[in-house]
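K.L.:
Starting off with a structure, shown below.
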Amino acid sequence: MTTPPRSGSLSGEAEHDALSVRDLRVWYGTERGPVRAVDGVNFNLRPGEILGLVGESGCGKSTLGRGVLGLLPPGAKAAGEVRFRGENLVELSQKQMQSRRGPEIGLIFQEPMTRLNPLMRISQHFEETLRVHEPDISTAEAKHRALEALRGMGIPPTRYRNYPHEFSGGMRQRLMIALTLVLRPSFIVADEPTTALDVLVEAQIIRILHDLRRNFDTAMLLITHNLGIIAEACDRVAVMYAGHIVEEGKARQVFSSPAHPYTRELLRSTISLRTTGLHYIPGAPPDLVDAPSGCTFHPRCPDAMRVCPDQDPVEVYPTGNQRVSCWLHGPEDRIPEGGREPLARQEIDLADEA
Amino acid sequence: MPTKRDTGSALDRDAVNGPEPLLAVRDLEVHFALQGNFVQRLLSRETGTVKAVDGVSFDVQPGEVLAVVGESGSGKTTLGRALTGLVATSDGSIRYRGQEVADMSDRSFRPLRRKIQMVFQDPHASLNPAMDLETALAHPLRIHGVADRAETHRLVRDALERVGLSPVERFLGKLPGDLSGGQKQRAVIARAIILGPDLLVADEPVSMLDMSVRAKILQLMLDLKRDLDLTYVYITHDLATAKFFCDRVAIMYLGRVVEIGPTSQIFADPKHPYTRALLAAIPDPDPERSLPTDLPRGEIPDAAEPPSGCAFHPRCPAAFDRCGWEGRDLRSLLESHWLTVDEEVYERERAVVGTLDELSAPGATARISPQGGHSVTDVRSVLDRVRAADPDEPFWSGVTSIDDDGSAVTVHFAAGEDPALRTSGGVEVACLLYEPEGQGQDTR
């Protein structure tokens with residue numbers, strides 16, 4: 001076990017990070033009390049790196065993405081630190097955030113048709129986007145930049161003056177990505193960018209995202225529930241459960257030897273071509289108003305021990321570049337005597353599921 | 001498993017040595033008329049049709065699970081709706097236990113709805129938000145008038161119990177809004193089985209659900225199939241779930257079945273280039289696998305104007321001269337060529353060949369007229385440059401000659417063939433790469 005340079009970080013050099021998130025918390029107010037959707041999250045992103053964020057619905061992964069972007073709905077509050085180009089984004093005003101979204105921080109959403117104006121030509125979308133952030137840009141330069149971005153997404157220049165409805169679903173998503181990239185942001189949040197697409201088109205988009213880091217030096221947070229996409233497009237993966245990142249590491253390493261039981265069970269329940277039997281995690285993600293004590297996964301965990309419901313897990317580093325919050329990996333000196341005994345399991349009702 | 005004859009198609013009309021199929025579909029067509037614009041409608045002009053299902057044939061044996069796999073726009077959902085009488089068929093036959101149902105009126109189809117039920121993709125949209133589960137589940141019993149009060153009470157509880165929504169008392173009074181996605185889909189399945197059906201047509205029953213819940217719903221469907229002797233037609237875009245869930249797989253593309261056969265054979269040895277592409281494209285959490293590199297280009301074409309010849313040929317990596325090349329393919333080729341050249345080269349070449357609108361008309365030849373001040377020689381040299389840039393492009397195998405009459409360049413294409421389903425190594429595949437086995441047989 002190695003000692004980490006900084007808490008919650010897998011890279012020690014903060015000045016080289018495109019983005020660094022420290023103890024980010026996001027909560028929603030409800031009648032029953034606050035919903036802690038993101039509860040103390042740390043991660044770093046280096047330039048040209050893609051971090052995949054994966055978890056079941058309701059684990060807080062979309063809220064985390066929106067928290068980083070300052071796009072939280074009314075009634076939500078964020079605290080902590082999102083350090084980007086020397087500023088803490090959490091402390092910026094709405095207006096200040098707005099000027100940074102676009103040229104510095106890009107977004108790619110799930111449904112491309114709802115984000116394009118049906119009455120505007122593609123050329124107008126690009127010209128408007130560029131003019132808002134670079135008022136002095138000439139029409140020729142705007143066209144050149146737009147065609148360059150479109151070419152990178154495989155959209156022929158002949159289509160530049162078409163309207164959104166003249167494009168297919170996959171083309172529209174590529175248009176959205178091109179519109180994001182034309183401003184050359186150094187950091188992009190992509191929230192389920194391929195969920196609405198067919199499998200062949202999805203593969204084309206994953207290929208594009210995968211190649212982005214080679215062509216641009218863009219850092220990306222890729223939010224998805226599909227582990228297959230993470231494995232194919234991402235350098236690192238962070239697994240989220242009930243508002244916490246429970247495991248993070250190199251995608252290859254996490255998928256070949258998952259350290260957290262939740263990661264392992266999530267991988268086993270994914271249906272792929274190699275699936276020979278059905279496997280699933282009993283129960284559902286917890287209610288975040290009244291989350292289970294200790295490790296929030298303990299009621300569903302097949303490896304739960306006596307220590308798990310009593311104490312919050314501590315982040316440990318089983319290898320130099322993998323971090324995990326699970327008592328299975330210690331630290332030994334914090335586990336009380338008998339804490340490693342298996343926990344008497346409560347039957348989980350089949351119907352209590354997501 | 002269906003019994004197949006040694007030669008020819010298992011779908012030959014007289015091939016009934018095995019048990020009677022539960023469902024026999026023959027040359028089924030569902031066409032939708034395009035509405036067109038106001039003037040066209042006013043003048044009753046022909047505005048074209050979309051062949052959503054265009055000549056589909058298959059059998060489903062009792063107790064079998066048949067997967068219908070395809071992308072959006074392949075016609076798989078329309079096929080499912082036709083099987084359940086939710087959309088009128090244009091031609092062909094659907095026999096349920098030997099009884100023709102394709103041309104039945106809604107009224108005469110109604111008793112059959114008890115035996116043929118459907119599960120839709122979106123459980124949120126399939127349940128009335130104002131009906132609690134007890135009312136929702138009793139609804140089909142009431143509509144069909146099959147049970148008295150006490151019997152209804154018993155059947156509703158039994159159905160909820162079967163789909164795992166127990167203790168039943170906890171769920172009877174719940175509204176759909178109180179349930180999670182997985183629980184809603186369980187309720188939808190409970191409603192579908194309450195009339196004691198034989199056949200369930202399940203249209204993407206798990207695709208709206210979280211990965212970790214999908215396995216639970218599929219397990220439930222397998223348990224129900226075993227306990228209630230159900231037969232499934234499982235419509236999906238996901239080959240991975242089809243692989244272990246289904247006995248046979250039919251791959252659909254643009255309204256046609258392009259490959260159909262036993263699941264094990266389709267997955268061990270996919271024949272159609274489209275099936276191969278679908279398999280390669282599935283994202284896999286295997287850390288040792290890398291991204292597929294030779295994905296088909298583009299997307300599923302417009303069903304109102306399907307490509308000539310084999311509908312998959314514009315995207316097919318294995319296409320050759322007889323696949324049905326045409327002017328539209330030249331247009332796509334020029335467009336993708338322009339993605340690889342500098343902006344100035346694009347502007348220069350575009351000025352020579354113009355908007356390419358001439359290339360949109362179907363036909364065995366394609367004409368390109370040189371634009372303002374350019375000559376046919378300029379057009380030919382653009383074509384020569386495109387060819388030189390990628391001489392191995394399958395498109396060029398379909399070009400027989402290029403000539404000009406001084407005012408325009410004409411590209412002549414080899415005659416295309418529309419491949420019919422033919423038996424090849426235990427499966428049926430509609431691709432010219434596979435020659436029909438047993439000459440003289442009706443391969444359709």
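Starting from 1 in every chain, residues are counted up; chains themselves are A, B, ... following the order of the structure tokens, and ligands are numbered from 1 as listed.
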Quick one: contact table of chain B to chain A, 6 Å max, nearest atom pair and distance in Å to one decimal per residue, counting only C-alpha atoms, chain and number order, as JSON lines?
P.N.:
```
{"residue": "B:Glu71", "atom": "CA", "partner": "A:Asp198", "partner_atom": "CA", "distance": 5.8}
{"residue": "B:Gly164", "atom": "CA", "partner": "A:Ala351", "partner_atom": "CA", "distance": 5.8}
{"residue": "B:Leu165", "atom": "CA", "partner": "A:Ala351", "partner_atom": "CA", "distance": 5.3}
{"residue": "B:Ser180", "atom": "CA", "partner": "A:Ala354", "partner_atom": "CA", "distance": 5.2}
{"residue": "B:Gly182", "atom": "CA", "partner": "A:Ala354", "partner_atom": "CA", "distance": 5.6}
{"residue": "B:Met211", "atom": "CA", "partner": "A:Thr270", "partner_atom": "CA", "distance": 5.9}
{"residue": "B:Ser212", "atom": "CA", "partner": "A:Ser269", "partner_atom": "CA", "distance": 5.6}
{"residue": "B:Ala215", "atom": "CA", "partner": "A:Leu278", "partner_atom": "CA", "distance": 5.7}
{"residue": "B:Ala240", "atom": "CA", "partner": "A:Leu273", "partner_atom": "CA", "distance": 4.8}
{"residue": "B:Ala281", "atom": "CA", "partner": "A:Ala203", "partner_atom": "CA", "distance": 5.6}
{"residue": "B:Pro283", "atom": "CA", "partner": "A:Gly228", "partner_atom": "CA", "distance": 4.3}
{"residue": "B:Asp284", "atom": "CA", "partner": "A:Gly228", "partner_atom": "CA", "distance": 4.1}
{"residue": "B:Pro285", "atom": "CA", "partner": "A:Gly228", "partner_atom": "CA", "distance": 4.1}
{"residue": "B:Pro287", "atom": "CA", "partner": "A:Arg252", "partner_atom": "CA", "distance": 4.9}
{"residue": "B:Leu291", "atom": "CA", "partner": "A:Glu232", "partner_atom": "CA", "distance": 6.0}
{"residue": "B:Glu335", "atom": "CA", "partner": "A:Pro156", "partner_atom": "CA", "distance": 5.4}
{"residue": "B:Leu339", "atom": "CA", "partner": "A:Arg151", "partner_atom": "CA", "distance": 5.6}
```
K.L.:
Need to verify the contact set: B:Glu358, 7 Å, only C-alpha atoms, exclusion of same-chain residues closer than 2 positions in sequence. Can you return it as a PyMOL selection string?
P.N.:
chain B and resi 356+360-361+367-368
K.L.:
Need the shell around B:Val427: protein/DNA/RNA residues with any atom at most 9 Å away, counting only C-alpha atoms. Skip same-chain ones fewer than 6 positions apart. Format as a ChimeraX atom specification?
P.N.:
/B:259-262,265-266,271
K.L.:
As an mmCIF file with C-alpha atoms, in the first residue's frame, please: every residue in stretch 10-241 of chain A that a backbone DSSP assignment puts in alpha helix (DSSP H).
P.N.:
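Heads up, here's the output in part-v5.cif:
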```cif
data_model
loop_
_atom_site.group_PDB
_atom_site.id
_atom_site.type_symbol
_atom_site.label_atom_id
_atom_site.label_comp_id
_atom_site.auth_asym_id
_atom_site.auth_seq_id
_atom_site.Cartn_x
_atom_site.Cartn_y
_atom_site.Cartn_z
ATOM 1 C CA LYS A 61 -23.368 11.297 -11.703
ATOM 2 C CA SER A 62 -25.432 13.768 -13.735
ATOM 3 C CA THR A 63 -25.708 16.099 -10.731
ATOM 4 C CA LEU A 64 -21.932 15.999 -10.399
ATOM 5 C CA GLY A 65 -21.550 16.971 -14.069
ATOM 6 C CA ARG A 66 -24.014 19.830 -13.650
ATOM 7 C CA GLY A 67 -22.379 20.908 -10.407
ATOM 8 C CA VAL A 68 -19.031 21.238 -12.154
ATOM 9 C CA LEU A 69 -20.647 23.335 -14.898
ATOM 10 C CA GLN A 94 -24.016 32.851 -12.658
ATOM 11 C CA LYS A 95 -22.872 35.579 -15.015
ATOM 12 C CA GLN A 96 -19.192 34.829 -14.596
ATOM 13 C CA MET A 97 -19.906 31.126 -15.135
ATOM 14 C CA GLN A 98 -21.841 31.912 -18.304
ATOM 15 C CA SER A 99 -18.853 33.615 -19.915
ATOM 16 C CA ARG A 100 -16.692 30.581 -19.182
ATOM 17 C CA ILE A 122 -26.016 25.005 -39.411
ATOM 18 C CA SER A 123 -23.887 27.881 -40.692
ATOM 19 C CA GLN A 124 -25.907 30.307 -38.554
ATOM 20 C CA HIS A 125 -25.480 28.112 -35.477
ATOM 21 C CA PHE A 126 -21.732 28.266 -35.906
ATOM 22 C CA GLU A 127 -21.605 31.969 -36.696
ATOM 23 C CA GLU A 128 -23.741 32.818 -33.679
ATOM 24 C CA THR A 129 -21.750 30.595 -31.346
ATOM 25 C CA LEU A 130 -18.469 32.112 -32.492
ATOM 26 C CA ARG A 131 -19.723 35.725 -32.469
ATOM 27 C CA VAL A 132 -21.053 35.536 -28.917
ATOM 28 C CA HIS A 133 -17.662 34.588 -27.567
ATOM 29 C CA THR A 139 -17.333 35.818 -41.498
ATOM 30 C CA ALA A 140 -14.586 34.131 -43.516
ATOM 31 C CA GLU A 141 -12.690 33.152 -40.407
ATOM 32 C CA ALA A 142 -15.911 31.880 -38.757
ATOM 33 C CA LYS A 143 -16.666 29.746 -41.806
ATOM 34 C CA HIS A 144 -13.139 28.406 -41.878
ATOM 35 C CA ARG A 145 -13.266 27.486 -38.188
ATOM 36 C CA ALA A 146 -16.726 25.904 -38.570
ATOM 37 C CA LEU A 147 -15.783 23.819 -41.613
ATOM 38 C CA GLU A 148 -12.654 22.680 -39.801
ATOM 39 C CA ALA A 149 -14.720 21.532 -36.802
ATOM 40 C CA LEU A 150 -17.314 19.851 -39.037
ATOM 41 C CA ARG A 151 -14.637 18.037 -40.996
ATOM 42 C CA GLY A 152 -13.254 16.637 -37.761
ATOM 43 C CA GLY A 169 -29.705 11.546 -35.342
ATOM 44 C CA GLY A 170 -26.048 10.582 -35.399
ATOM 45 C CA MET A 171 -25.146 13.538 -37.620
ATOM 46 C CA ARG A 172 -26.932 15.890 -35.213
ATOM 47 C CA GLN A 173 -24.937 14.588 -32.300
ATOM 48 C CA ARG A 174 -21.784 15.136 -34.341
ATOM 49 C CA LEU A 175 -22.986 18.660 -35.116
ATOM 50 C CA MET A 176 -23.372 19.260 -31.390
ATOM 51 C CA ILE A 177 -19.863 18.018 -30.734
ATOM 52 C CA ALA A 178 -18.535 20.219 -33.553
ATOM 53 C CA LEU A 179 -20.399 23.228 -32.098
ATOM 54 C CA THR A 180 -18.774 22.503 -28.749
ATOM 55 C CA LEU A 181 -15.292 22.040 -30.203
ATOM 56 C CA VAL A 199 -25.363 0.884 -31.767
ATOM 57 C CA LEU A 200 -23.447 1.480 -35.014
ATOM 58 C CA VAL A 201 -23.746 5.259 -34.711
ATOM 59 C CA GLU A 202 -22.867 5.005 -31.027
ATOM 60 C CA ALA A 203 -19.663 3.226 -31.984
ATOM 61 C CA GLN A 204 -18.868 5.982 -34.501
ATOM 62 C CA ILE A 205 -19.355 8.669 -31.823
ATOM 63 C CA ILE A 206 -17.252 6.769 -29.276
ATOM 64 C CA ARG A 207 -14.525 6.576 -31.884
ATOM 65 C CA ILE A 208 -14.739 10.366 -32.376
ATOM 66 C CA LEU A 209 -14.603 11.053 -28.623
ATOM 67 C CA HIS A 210 -11.712 8.634 -28.293
ATOM 68 C CA ASP A 211 -9.782 10.434 -31.052
ATOM 69 C CA LEU A 212 -10.508 13.901 -29.613
ATOM 70 C CA ARG A 213 -7.712 13.800 -27.102
ATOM 71 C CA ARG A 214 -5.245 12.991 -29.834
ATOM 72 C CA ASN A 215 -6.284 15.875 -32.073
ATOM 73 C CA LEU A 227 -19.545 0.291 -18.836
ATOM 74 C CA GLY A 228 -18.720 -0.814 -22.364
ATOM 75 C CA ILE A 229 -18.417 2.798 -23.502
ATOM 76 C CA ILE A 230 -16.129 3.610 -20.575
ATOM 77 C CA ALA A 231 -13.881 0.686 -21.413
ATOM 78 C CA GLU A 232 -13.597 1.756 -25.032
ATOM 79 C CA ALA A 233 -13.318 5.531 -24.754
#
```
K.L.:
Could you please write out, as a PyMOL selection string, every residue of stretch 343-422 of chain B that DSSP assigns to strand (DSSP E)?
P.N.:
chain B and resi 365-368+399-404+409-413+422
K.L.:
Give me the residues near B:Val382 as number ranges by chain, where near means some atom within 12 Å (using only C-alpha atoms) and where sequence neighbours in that chain fewer than 6 positions away do not count.
P.N.:
B: 333-334, 337-338, 345-346, 348-354, 368, 370, 374-376, 388-389, 409
